[in-house]
Amino acid sequence: MGTRLLSEYLIKKHHPQLRYVRVHTSGKNQATLYAWNDDLQLPERDVDTLKRFVSGYLPPHVCFQIKAYSMVQMDGVPREYDLPESIVRTAMKRELDQYGIVASINTMLDSGGMAFSRYDFNSGTLYFNIHMTTVLMDIEKELIRMYLSEIIPLGSKCNVQFEYSLAAR
């Protein structure tokens with residue numbers, strides 16, 4: 001399984017001439033690779049090299065489009081955030097599966113847990129349920145969604161349902 005962070009790491013490792021690299025899921029089994037060199041350009045020879053690289057080294061189920069890094073904002077790609085080290089470590093695992101994804105998020109939940117529900121092949125969506133004994137604030141829910149988006153496979157999206165079993169007071 002390949003995540004955004006792992007894909008970006010591999011691209012940078014094999015293409016040191018690229019200064020800016022960003023990979024973003026753009027649809028079911030689709031991703032866009034944005035790149036620039038030190039001159040803030042994406043020469044055609046780099047595009048050709050990247051096309052060969054993504055078809056041979058990145059997840060085979062993902063169809064990549066390659067664009068200049070300047071298109072990140074126009075395409076509405078979310079900005080990068082600082083991530084907890086545990087999320088970065090999880091995202092960099094090549095053998096990551098739904099059990100590893102769930103285990104990673106569960107280490108962050110004090111009063112509940114997350115479970116994998118299902119995968120919708122038609123939409124490329126992974127569904128998760130989070131069962132909590134305390135109510136999460138909106139910012140906490142958003143952080144969980146953001147962290148999940150970093151550790152799910154490239155070319156997929158996720159849906160999280162929050163359920164509460166509040167203790168009697």
# chains A, B, ... in the order shown; residues from 1 in each chain; ligands from 1
>>> residues_around(residues="A:Ala91", least_positions_apart="6", cutoff="8 Å", atoms="only C-alpha atoms", output="list of chain:residue names")
A:Thr3, A:Arg4, A:Leu5, A:Leu6, A:Glu150, A:Ile151, A:Ile152
>>> select_by_dssp(residues="stretch 10-162 of chain A", states="strand (DSSP E)", output="PyMOL selection string")
chain A and resi 18-27+30-37+63-68+112-120+125-132+157-162
>>> residues_around(residues="A:Gln41", least_positions_apart="2", cutoff="10 Å", atoms="only C-alpha atoms", output="PDB file with N, CA and C atoms, in the first residue's frame")
ATOM      1  N   LEU A  18      14.487  17.488  -7.993  1.00  0.00           N
ATOM      2  CA  LEU A  18      13.198  18.120  -7.714  1.00  0.00           C
ATOM      3  C   LEU A  18      13.196  18.693  -6.305  1.00  0.00           C
ATOM      4  N   ARG A  19      12.946  19.972  -6.229  1.00  0.00           N
ATOM      5  CA  ARG A  19      12.957  20.639  -4.921  1.00  0.00           C
ATOM      6  C   ARG A  19      11.593  20.575  -4.246  1.00  0.00           C
ATOM      7  N   TYR A  20      10.537  20.726  -5.016  1.00  0.00           N
ATOM      8  CA  TYR A  20       9.180  20.705  -4.484  1.00  0.00           C
ATOM      9  C   TYR A  20       8.434  19.515  -5.074  1.00  0.00           C
ATOM     10  N   ALA A  35       5.326  18.930  -9.118  1.00  0.00           N
ATOM     11  CA  ALA A  35       6.771  19.012  -8.890  1.00  0.00           C
ATOM     12  C   ALA A  35       7.366  20.243  -9.559  1.00  0.00           C
ATOM     13  N   TRP A  36       8.476  20.695  -8.964  1.00  0.00           N
ATOM     14  CA  TRP A  36       9.292  21.778  -9.500  1.00  0.00           C
ATOM     15  C   TRP A  36      10.745  21.492  -9.162  1.00  0.00           C
ATOM     16  N   ASN A  37      11.631  21.969  -9.988  1.00  0.00           N
ATOM     17  CA  ASN A  37      13.064  21.883  -9.686  1.00  0.00           C
ATOM     18  C   ASN A  37      13.500  23.163  -8.971  1.00  0.00           C
ATOM     19  N   ASP A  38      14.804  23.341  -8.785  1.00  0.00           N
ATOM     20  CA  ASP A  38      15.327  24.535  -8.102  1.00  0.00           C
ATOM     21  C   ASP A  38      15.006  25.834  -8.845  1.00  0.00           C
ATOM     22  N   ASP A  39      14.781  25.747 -10.144  1.00  0.00           N
ATOM     23  CA  ASP A  39      14.455  26.926 -10.947  1.00  0.00           C
ATOM     24  C   ASP A  39      12.948  27.188 -11.005  1.00  0.00           C
ATOM     25  N   PRO A  43      10.675  20.763 -16.255  1.00  0.00           N
ATOM     26  CA  PRO A  43      11.056  20.494 -17.645  1.00  0.00           C
ATOM     27  C   PRO A  43      10.424  19.191 -18.161  1.00  0.00           C
ATOM     28  N   GLU A  44      10.243  19.146 -19.456  1.00  0.00           N
ATOM     29  CA  GLU A  44       9.629  17.975 -20.091  1.00  0.00           C
ATOM     30  C   GLU A  44      10.409  16.692 -19.799  1.00  0.00           C
ATOM     31  N   ASP A  46      11.937  15.948 -17.051  1.00  0.00           N
ATOM     32  CA  ASP A  46      11.537  15.503 -15.717  1.00  0.00           C
ATOM     33  C   ASP A  46      10.149  14.885 -15.747  1.00  0.00           C
ATOM     34  N   ALA A  68       2.908  20.883 -12.972  1.00  0.00           N
ATOM     35  CA  ALA A  68       3.831  21.816 -12.327  1.00  0.00           C
ATOM     36  C   ALA A  68       3.316  22.147 -10.929  1.00  0.00           C
ATOM     37  N   TYR A  69       4.236  22.328 -10.001  1.00  0.00           N
ATOM     38  CA  TYR A  69       3.885  22.602  -8.606  1.00  0.00           C
ATOM     39  C   TYR A  69       3.009  23.850  -8.459  1.00  0.00           C
ATOM     40  N   SER A  70       3.115  24.755  -9.380  1.00  0.00           N
ATOM     41  CA  SER A  70       2.317  25.992  -9.322  1.00  0.00           C
ATOM     42  C   SER A  70       0.816  25.718  -9.391  1.00  0.00           C
TER      43      SER A  70
END
>>> closest_residue(among="A:Pro59, A:Glu85, A:Leu154, A:Ser165", to="A:Gly112", atoms="only C-alpha atoms")
A:Ser165
>>> closest_residue(among="A:Leu10, A:Leu50, A:Cys63, A:Ile105", to="A:Ser26", atoms="only C-alpha atoms")
A:Cys63
>>> atom_distance(atom1="atom CA of A:Pro78", atom2="atom CA of A:Leu58")
21.4 Å
